[in-house]
Every structure is written in C-alpha cells, then in structure tokens.
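Okay, my_file36.tsv now, which holds TSV, N, CA and C atoms:
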chain	number	residue	atom	x	y	z
I	1	MET	N	-122.49	47.36	38.83
I	1	MET	CA	-122.29	46.27	37.92
I	1	MET	C	-123.55	45.40	37.81
I	2	LYS	N	-124.24	45.19	38.95
I	2	LYS	CA	-125.47	44.40	38.94
I	2	LYS	C	-126.50	45.04	38.02
I	3	ASN	N	-126.63	46.36	38.10
I	3	ASN	CA	-127.61	47.07	37.27
I	3	ASN	C	-127.30	46.92	35.79
I	4	TYR	N	-126.02	46.90	35.45
I	4	TYR	CA	-125.60	46.73	34.07
I	4	TYR	C	-126.05	45.37	33.53
I	5	PHE	N	-125.81	44.31	34.31
I	5	PHE	CA	-126.23	42.97	33.88
I	5	PHE	C	-127.75	42.85	33.81
I	6	LEU	N	-128.45	43.47	34.75
I	6	LEU	CA	-129.91	43.46	34.72
I	6	LEU	C	-130.42	44.15	33.47
I	7	LEU	N	-129.81	45.27	33.11
I	7	LEU	CA	-130.20	45.99	31.90
I	7	LEU	C	-129.98	45.13	30.66
I	8	ILE	N	-128.88	44.42	30.59
I	8	ILE	CA	-128.60	43.54	29.45
I	8	ILE	C	-129.65	42.43	29.37
I	9	ILE	N	-130.02	41.86	30.50
I	9	ILE	CA	-131.04	40.81	30.52
I	9	ILE	C	-132.38	41.34	30.04
I	10	ILE	N	-132.76	42.52	30.52
I	10	ILE	CA	-134.04	43.13	30.12
I	10	ILE	C	-134.05	43.41	28.63
I	11	ILE	N	-132.98	43.98	28.12
I	11	ILE	CA	-132.89	44.27	26.68
I	11	ILE	C	-132.95	42.96	25.88
I	12	GLY	N	-132.30	41.92	26.37
I	12	GLY	CA	-132.33	40.63	25.70
I	12	GLY	C	-133.73	40.06	25.60
I	13	PHE	N	-134.48	40.11	26.71
I	13	PHE	CA	-135.86	39.62	26.68
I	13	PHE	C	-136.72	40.46	25.75
I	14	ALA	N	-136.55	41.77	25.79
I	14	ALA	CA	-137.34	42.66	24.93
I	14	ALA	C	-137.06	42.38	23.46
I	15	SER	N	-135.82	42.13	23.12
I	15	SER	CA	-135.49	41.89	21.71
I	15	SER	C	-135.95	40.51	21.25
I	16	CYS	N	-136.16	39.58	22.17
I	16	CYS	CA	-136.63	38.24	21.80
I	16	CYS	C	-138.12	38.22	21.48
I	17	GLN	N	-138.84	39.25	21.94
I	17	GLN	CA	-140.27	39.30	21.69
I	17	GLN	C	-140.50	39.42	20.19
I	18	SER	N	-141.28	38.52	19.64
I	18	SER	CA	-141.45	38.51	18.20
I	18	SER	C	-142.25	39.73	17.73
I	19	GLU	N	-141.83	40.23	16.60
I	19	GLU	CA	-142.50	41.39	16.01
I	19	GLU	C	-143.76	40.92	15.30
I	20	ILE	N	-144.83	41.62	15.53
I	20	ILE	CA	-146.10	41.28	14.87
I	20	ILE	C	-146.18	42.08	13.59
I	21	LYS	N	-146.50	41.38	12.52
I	21	LYS	CA	-146.63	42.02	11.22
I	21	LYS	C	-148.11	42.04	10.83
I	22	GLN	N	-148.47	43.01	10.04
I	22	GLN	CA	-149.86	43.14	9.62
I	22	GLN	C	-150.36	41.87	8.95
I	23	GLU	N	-149.51	41.23	8.16
I	23	GLU	CA	-149.95	40.01	7.45
I	23	GLU	C	-150.24	38.85	8.40
I	24	ASP	N	-149.72	38.93	9.64
I	24	ASP	CA	-150.01	37.89	10.63
I	24	ASP	C	-151.48	37.88	11.04
I	25	LEU	N	-152.16	39.02	10.87
I	25	LEU	CA	-153.56	39.14	11.28
I	25	LEU	C	-154.56	38.81	10.16
I	26	ILE	N	-154.10	38.81	8.92
I	26	ILE	CA	-155.00	38.68	7.78
I	26	ILE	C	-155.84	37.40	7.91
I	27	GLY	N	-157.15	37.58	7.78
I	27	GLY	CA	-158.06	36.45	7.84
I	27	GLY	C	-159.27	36.75	8.72
I	28	LYS	N	-160.06	35.72	8.93
I	28	LYS	CA	-161.28	35.80	9.72
I	28	LYS	C	-161.01	35.18	11.09
I	29	TRP	N	-161.32	35.93	12.16
I	29	TRP	CA	-161.08	35.49	13.53
I	29	TRP	C	-162.41	35.44	14.29
I	30	LYS	N	-162.84	34.24	14.62
I	30	LYS	CA	-164.11	34.02	15.33
I	30	LYS	C	-163.88	34.14	16.84
I	31	TYR	N	-164.68	34.98	17.50
I	31	TYR	CA	-164.55	35.16	18.95
I	31	TYR	C	-164.99	33.88	19.65
I	32	ILE	N	-164.19	33.43	20.60
I	32	ILE	CA	-164.56	32.25	21.38
I	32	ILE	C	-164.67	32.57	22.88
I	33	LYS	N	-164.13	33.73	23.28
I	33	LYS	CA	-164.20	34.13	24.68
I	33	LYS	C	-164.13	35.65	24.76
I	34	TYR	N	-164.92	36.20	25.67
I	34	TYR	CA	-164.99	37.65	25.87
I	34	TYR	C	-165.10	37.88	27.36
I	35	GLU	N	-164.17	38.65	27.94
I	35	GLU	CA	-164.19	38.83	29.39
I	35	GLU	C	-163.71	40.22	29.79
I	36	ALA	N	-164.16	40.66	30.95
I	36	ALA	CA	-163.69	41.91	31.53
I	36	ALA	C	-162.33	41.64	32.17
I	37	VAL	N	-161.33	42.45	31.81
I	37	VAL	CA	-159.96	42.22	32.32
I	37	VAL	C	-159.89	42.42	33.83
I	38	ASN	N	-160.53	43.46	34.34
I	38	ASN	CA	-160.46	43.77	35.76
I	38	ASN	C	-161.43	42.96	36.61
I	39	LYS	N	-162.28	42.17	35.97
I	39	LYS	CA	-163.25	41.32	36.67
I	39	LYS	C	-163.23	39.94	36.03
I	40	PRO	N	-162.15	39.16	36.28
I	40	PRO	CA	-162.03	37.86	35.61
I	40	PRO	C	-163.22	36.93	35.79
I	41	SER	N	-163.95	37.09	36.87
I	41	SER	CA	-165.10	36.22	37.07
I	41	SER	C	-166.29	36.63	36.21
I	42	ASP	N	-166.20	37.80	35.61
I	42	ASP	CA	-167.28	38.33	34.79
I	42	ASP	C	-167.09	37.92	33.32
I	43	VAL	N	-167.02	36.63	33.08
I	43	VAL	CA	-166.82	36.11	31.73
I	43	VAL	C	-168.16	36.09	31.02
I	44	SER	N	-168.17	36.55	29.77
I	44	SER	CA	-169.43	36.55	29.03
I	44	SER	C	-169.88	35.12	28.78
I	45	SER	N	-171.15	34.97	28.63
I	45	SER	CA	-171.75	33.66	28.42
I	45	SER	C	-171.35	33.08	27.07
I	46	SER	N	-170.94	31.83	27.08
I	46	SER	CA	-170.64	31.17	25.81
I	46	SER	C	-171.90	31.03	24.97
I	47	ASP	N	-173.07	30.99	25.63
I	47	ASP	CA	-174.33	30.93	24.89
I	47	ASP	C	-174.52	32.19	24.05
I	48	LEU	N	-174.17	33.35	24.63
I	48	LEU	CA	-174.28	34.62	23.93
I	48	LEU	C	-173.34	34.65	22.73
I	49	ILE	N	-172.12	34.19	22.92
I	49	ILE	CA	-171.16	34.13	21.82
I	49	ILE	C	-171.67	33.18	20.74
I	50	ASP	N	-172.19	32.02	21.15
I	50	ASP	CA	-172.73	31.07	20.18
I	50	ASP	C	-173.91	31.67	19.42
I	51	GLU	N	-174.73	32.44	20.11
I	51	GLU	CA	-175.92	33.04	19.48
I	51	GLU	C	-175.54	34.15	18.51
I	52	GLN	N	-174.64	35.04	18.92
I	52	GLN	CA	-174.30	36.21	18.10
I	52	GLN	C	-173.19	35.93	17.08
I	53	GLN	N	-172.39	34.89	17.33
I	53	GLN	CA	-171.31	34.50	16.44
I	53	GLN	C	-170.46	35.69	15.98
I	54	PRO	N	-169.88	36.45	16.93
I	54	PRO	CA	-169.07	37.60	16.54
I	54	PRO	C	-167.72	37.18	15.96
I	55	TYR	N	-167.22	38.00	15.03
I	55	TYR	CA	-165.90	37.77	14.46
I	55	TYR	C	-165.38	39.06	13.85
I	56	ILE	N	-164.07	39.07	13.59
I	56	ILE	CA	-163.43	40.21	12.96
I	56	ILE	C	-162.67	39.70	11.75
I	57	VAL	N	-162.68	40.48	10.68
I	57	VAL	CA	-161.97	40.13	9.46
I	57	VAL	C	-160.94	41.22	9.17
I	58	PHE	N	-159.68	40.80	9.05
I	58	PHE	CA	-158.60	41.70	8.67
I	58	PHE	C	-158.24	41.38	7.22
I	59	GLN	N	-158.22	42.40	6.37
I	59	GLN	CA	-157.93	42.20	4.95
I	59	GLN	C	-156.54	42.72	4.60
I	60	LYS	N	-155.97	42.19	3.52
I	60	LYS	CA	-154.61	42.55	3.10
I	60	LYS	C	-154.43	44.04	2.87
I	61	GLU	N	-155.42	44.69	2.33
I	61	GLU	CA	-155.27	46.10	2.00
I	61	GLU	C	-155.46	47.03	3.20
I	62	GLY	N	-155.45	46.45	4.41
I	62	GLY	CA	-155.55	47.27	5.62
I	62	GLY	C	-156.97	47.62	6.03
I	63	LYS	N	-157.92	46.91	5.49
I	63	LYS	CA	-159.32	47.13	5.88
I	63	LYS	C	-159.71	46.08	6.90
I	64	ALA	N	-160.71	46.43	7.72
I	64	ALA	CA	-161.20	45.48	8.73
I	64	ALA	C	-162.70	45.67	8.91
I	65	GLU	N	-163.37	44.58	9.29
I	65	GLU	CA	-164.80	44.60	9.57
I	65	GLU	C	-165.07	43.74	10.78
I	66	ILE	N	-165.97	44.22	11.63
I	66	ILE	CA	-166.37	43.47	12.82
I	66	ILE	C	-167.85	43.10	12.64
I	67	TYR	N	-168.15	41.81	12.84
I	67	TYR	CA	-169.49	41.29	12.63
I	67	TYR	C	-170.07	40.72	13.93
I	68	SER	N	-171.39	40.76	14.04
I	68	SER	CA	-172.11	40.10	15.11
I	68	SER	C	-173.53	39.84	14.62
I	69	SER	N	-174.06	38.69	14.93
I	69	SER	CA	-175.40	38.29	14.51
I	69	SER	C	-175.58	38.42	12.99
I	70	GLY	N	-174.51	38.14	12.24
I	70	GLY	CA	-174.58	38.18	10.79
I	70	GLY	C	-174.58	39.56	10.19
I	71	LYS	N	-174.37	40.61	10.99
I	71	LYS	CA	-174.39	41.99	10.49
I	71	LYS	C	-173.06	42.68	10.77
I	72	ILE	N	-172.72	43.61	9.90
I	72	ILE	CA	-171.51	44.40	10.14
I	72	ILE	C	-171.79	45.39	11.27
I	73	LEU	N	-171.00	45.29	12.35
I	73	LEU	CA	-171.10	46.26	13.45
I	73	LEU	C	-170.20	47.46	13.20
I	74	SER	N	-169.08	47.20	12.54
I	74	SER	CA	-168.09	48.24	12.36
I	74	SER	C	-167.23	47.92	11.15
I	75	LYS	N	-166.80	48.96	10.45
I	75	LYS	CA	-165.84	48.77	9.37
I	75	LYS	C	-164.89	49.95	9.36
I	76	GLY	N	-163.68	49.68	8.91
I	76	GLY	CA	-162.68	50.73	8.89
I	76	GLY	C	-161.35	50.22	8.38
I	77	THR	N	-160.29	50.87	8.84
I	77	THR	CA	-158.94	50.50	8.44
I	77	THR	C	-158.10	50.20	9.68
I	78	PHE	N	-156.99	49.49	9.47
I	78	PHE	CA	-156.13	49.15	10.59
I	78	PHE	C	-154.67	49.11	10.16
I	79	PHE	N	-153.79	49.25	11.13
I	79	PHE	CA	-152.38	48.98	10.93
I	79	PHE	C	-151.80	48.56	12.27
I	80	ILE	N	-150.65	47.92	12.22
I	80	ILE	CA	-149.98	47.41	13.42
I	80	ILE	C	-148.87	48.37	13.82
I	81	GLU	N	-148.82	48.67	15.10
I	81	GLU	CA	-147.75	49.48	15.68
I	81	GLU	C	-147.26	48.74	16.92
I	82	ASN	N	-146.10	48.08	16.80
I	82	ASN	CA	-145.57	47.24	17.87
I	82	ASN	C	-146.57	46.14	18.21
I	83	GLN	N	-147.14	46.15	19.42
I	83	GLN	CA	-148.09	45.12	19.85
I	83	GLN	C	-149.53	45.66	19.80
I	84	ILE	N	-149.73	46.76	19.08
I	84	ILE	CA	-151.05	47.41	19.09
I	84	ILE	C	-151.67	47.41	17.69
I	85	ILE	N	-152.96	47.05	17.65
I	85	ILE	CA	-153.75	47.18	16.43
I	85	ILE	C	-154.36	48.58	16.50
I	86	ARG	N	-154.02	49.43	15.55
I	86	ARG	CA	-154.60	50.77	15.45
I	86	ARG	C	-155.74	50.69	14.43
I	87	TYR	N	-156.96	50.78	14.93
I	87	TYR	CA	-158.15	50.62	14.11
I	87	TYR	C	-158.86	51.97	14.02
I	88	GLU	N	-159.21	52.38	12.80
I	88	GLU	CA	-159.98	53.60	12.62
I	88	GLU	C	-161.33	53.21	12.02
I	89	GLU	N	-162.33	53.32	12.85
I	89	GLU	CA	-163.70	52.96	12.48
I	89	GLU	C	-164.33	54.12	11.71
I	90	VAL	N	-165.06	53.79	10.65
I	90	VAL	CA	-165.77	54.80	9.88
I	90	VAL	C	-167.25	54.68	10.19
I	91	LEU	N	-167.80	55.73	10.82
I	91	LEU	CA	-169.20	55.75	11.22
I	91	LEU	C	-170.04	56.48	10.16
I	92	GLU	N	-171.35	56.53	10.38
I	92	GLU	CA	-172.23	57.24	9.46
I	92	GLU	C	-171.78	58.68	9.31
I	93	GLY	N	-171.98	59.23	8.12
I	93	GLY	CA	-171.59	60.60	7.87
I	93	GLY	C	-170.09	60.77	7.73
I	94	ASN	N	-169.39	59.66	7.47
I	94	ASN	CA	-167.93	59.64	7.33
I	94	ASN	C	-167.19	60.14	8.57
I	95	VAL	N	-167.84	60.01	9.74
I	95	VAL	CA	-167.21	60.34	11.01
I	95	VAL	C	-166.26	59.19	11.35
I	96	LYS	N	-165.06	59.53	11.82
I	96	LYS	CA	-164.07	58.49	12.12
I	96	LYS	C	-163.76	58.48	13.61
I	97	ARG	N	-163.54	57.27	14.13
I	97	ARG	CA	-163.20	57.08	15.54
I	97	ARG	C	-162.03	56.12	15.61
I	98	LYS	N	-160.99	56.53	16.36
I	98	LYS	CA	-159.80	55.70	16.51
I	98	LYS	C	-159.93	54.82	17.74
I	99	ILE	N	-159.59	53.54	17.57
I	99	ILE	CA	-159.66	52.55	18.65
I	99	ILE	C	-158.35	51.76	18.63
I	100	ALA	N	-157.80	51.49	19.80
I	100	ALA	CA	-156.57	50.71	19.90
I	100	ALA	C	-156.84	49.41	20.63
I	101	PHE	N	-156.24	48.33	20.13
I	101	PHE	CA	-156.34	47.01	20.75
I	101	PHE	C	-154.92	46.51	21.03
I	102	LEU	N	-154.68	46.08	22.24
I	102	LEU	CA	-153.38	45.54	22.62
I	102	LEU	C	-153.36	44.04	22.35
I	103	ILE	N	-152.43	43.59	21.55
I	103	ILE	CA	-152.31	42.16	21.26
I	103	ILE	C	-151.56	41.49	22.40
I	104	LYS	N	-152.21	40.57	23.07
I	104	LYS	CA	-151.60	39.83	24.18
I	104	LYS	C	-150.95	38.54	23.70
I	105	GLU	N	-151.54	37.94	22.68
I	105	GLU	CA	-151.02	36.68	22.14
I	105	GLU	C	-151.47	36.55	20.69
I	106	LEU	N	-150.58	36.06	19.86
I	106	LEU	CA	-150.93	35.81	18.46
I	106	LEU	C	-150.10	34.65	17.94
I	107	ASN	N	-150.79	33.65	17.43
I	107	ASN	CA	-150.11	32.56	16.73
I	107	ASN	C	-150.96	32.24	15.50
I	108	GLN	N	-150.65	31.18	14.80
I	108	GLN	CA	-151.37	30.86	13.57
I	108	GLN	C	-152.85	30.59	13.77
I	109	ASN	N	-153.22	30.14	14.98
I	109	ASN	CA	-154.61	29.73	15.21
I	109	ASN	C	-155.36	30.57	16.24
I	110	GLN	N	-154.66	31.38	17.03
I	110	GLN	CA	-155.33	32.09	18.10
I	110	GLN	C	-154.82	33.52	18.23
I	111	LEU	N	-155.77	34.42	18.49
I	111	LEU	CA	-155.50	35.83	18.72
I	111	LEU	C	-156.16	36.23	20.03
I	112	VAL	N	-155.38	36.81	20.94
I	112	VAL	CA	-155.92	37.34	22.19
I	112	VAL	C	-155.57	38.82	22.20
I	113	PHE	N	-156.61	39.66	22.29
I	113	PHE	CA	-156.37	41.10	22.31
I	113	PHE	C	-157.29	41.77	23.31
I	114	GLU	N	-156.89	42.97	23.74
I	114	GLU	CA	-157.65	43.71	24.74
I	114	GLU	C	-157.98	45.11	24.23
I	115	THR	N	-159.16	45.58	24.61
I	115	THR	CA	-159.48	46.98	24.35
I	115	THR	C	-158.61	47.82	25.27
I	116	MET	N	-158.33	49.03	24.87
I	116	MET	CA	-157.46	49.90	25.67
I	116	MET	C	-158.28	51.10	26.15
I	117	ASP	N	-159.26	50.81	27.00
I	117	ASP	CA	-160.10	51.87	27.55
I	117	ASP	C	-160.19	51.72	29.06
I	118	ALA	N	-161.05	52.50	29.69
I	118	ALA	CA	-161.14	52.51	31.15
I	118	ALA	C	-161.51	51.15	31.73
I	119	GLU	N	-162.38	50.43	31.05
I	119	GLU	CA	-162.77	49.09	31.49
I	119	GLU	C	-162.43	48.10	30.39
I	120	PRO	N	-161.14	47.70	30.32
I	120	PRO	CA	-160.71	46.85	29.20
I	120	PRO	C	-161.40	45.49	29.16
I	121	LYS	N	-161.61	45.04	27.95
I	121	LYS	CA	-162.18	43.71	27.68
I	121	LYS	C	-161.13	42.90	26.95
I	122	ARG	N	-161.07	41.62	27.24
I	122	ARG	CA	-160.14	40.70	26.57
I	122	ARG	C	-160.95	39.78	25.67
I	123	ILE	N	-160.55	39.72	24.42
I	123	ILE	CA	-161.22	38.87	23.45
I	123	ILE	C	-160.25	37.79	22.99
I	124	THR	N	-160.70	36.55	23.04
I	124	THR	CA	-159.92	35.44	22.50
I	124	THR	C	-160.65	34.98	21.24
I	125	ALA	N	-159.89	34.87	20.15
I	125	ALA	CA	-160.49	34.49	18.88
I	125	ALA	C	-159.65	33.39	18.24
I	126	GLU	N	-160.31	32.55	17.47
I	126	GLU	CA	-159.58	31.53	16.72
I	126	GLU	C	-159.75	31.79	15.24
I	127	LYS	N	-158.70	31.49	14.51
I	127	LYS	CA	-158.69	31.75	13.06
I	127	LYS	C	-159.53	30.72	12.35
I	128	ILE	N	-160.36	31.19	11.44
I	128	ILE	CA	-161.22	30.33	10.62
I	128	ILE	C	-160.51	30.15	9.29
I	129	LYS	N	-160.35	28.94	8.88
I	129	LYS	CA	-159.62	28.65	7.63
I	129	LYS	C	-160.56	28.67	6.46

Encoded form (structure tokens):
Amino acid sequence: MKNYFLLIIIIGFASCQSEIKQEDLIGKWKYIKYEAVNKPSDVSSSDLIDEQQPYIVFQKEGKAEIYSSGKILSKGTFFIENQIIRYEEVLEGNVKRKIAFLIKELNQNQLVFETMDAEPKRITAEKIK
C-alpha cells in the first residue's frame, strides 16, 4: 500500500512539471553565466562573457543561431522534445550535426540549459527584449 501512495505522489509531481513549448524559447537570449557542471568552481570569467557577448536566437520558424564576438558560430534548426532542445547544426558543405540541450529552468526572463555530453556545461541566459 505504501508503494501505491508513493507512486501516486511521484506521478502527481511529474504531471505538475510545466510543459515547455517551442514558442517559450522564441527570442534572443544573452549568456550571463557559463560553467562546467561537474566542476562548479570552474566558472567561466565574466570578463570573457562581457568581451565575447555570446547569445542564442530562437526563431518562430524553428531556426536558431548562436553568436559570439559579433559573429555567427552556428546556425541550424531546433525543436522541443519534453525538456530537451533538439538542435541540428548545419556546417560547411551542408554537413549536419545533432546537439541536445537539457533545459533546467525556463521563465519569461531566464533560460538555464546544459549540454548533454561527457563534460556538460551549464549556460544561464537572460532574454533580451
């Protein structure tokens, strides 16, 4: 009986988690913090962020671009799957590379997401109006 109630509680919490929609990401998101997930003390320098001014732009038609130092670093398409941004980068020669980002937090003004690789990085960004 205890396991039954625990299962109901878990399902209740899972269903309360808000669904992220693609339109929730639309806009320009300026990076304000960049850190290694497994090495919290290894936070990137705010001077570097200030110098390079990195940001990501999500567009309504499912396109995205990542900028740094005023230049496009990456462009491609994206879609949302649960809490994951599925990004397909288009490289030179029309070569495509798939990248996934886990959304940790999203509200009207702030986006926190992590790369999903061997050494994940956490990026905190604020929405530019």

Mind listing the helix (DSSP H, G or I) residues of chain I, per DSSP on the backbone, as a PyMOL selection string?
chain I and resi 2-16+22-24+46-52+92-94

Mind pulling up the distance from atom C of Leu73 in chain I to CA of Gln108 in chain I?
25.1 Å

Distance query Glu81 in chain I at most 8 Å, only N, CA and C atoms, self and fewer than 6 positions along chain excluded, as a short mmCIF file (atom, residue, chain, number, x, y, z; two decimals) with N, CA and C atoms, in the frame of the given file:
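Result file follows (out-v2.cif):
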data_model
loop_
_atom_site.label_atom_id
_atom_site.label_comp_id
_atom_site.auth_asym_id
_atom_site.auth_seq_id
_atom_site.Cartn_x
_atom_site.Cartn_y
_atom_site.Cartn_z
N ILE I 20 -144.83 41.62 15.53
CA ILE I 20 -146.10 41.28 14.87
C ILE I 20 -146.18 42.08 13.59
N LYS I 21 -146.50 41.38 12.52
CA LYS I 21 -146.63 42.02 11.22
C LYS I 21 -148.11 42.04 10.83
N GLN I 22 -148.47 43.01 10.04
CA GLN I 22 -149.86 43.14 9.62
C GLN I 22 -150.36 41.87 8.95
#

Name the residues of chain I that fall into strand (DSSP E or B) according to DSSP on the backbone, using the chain letters and numbers of this document, as a PyMOL selection string.
chain I and resi 27-36+43+55-58+63-68+71-81+84-90+96-106+110-115+121-128

Atom C of Lys75 in chain I to atom C of Leu106 in chain I: how many Å, to one decimal?
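Separation of atom C of Lys75 in chain I and atom C of Leu106 in chain I: 22.9 Å.
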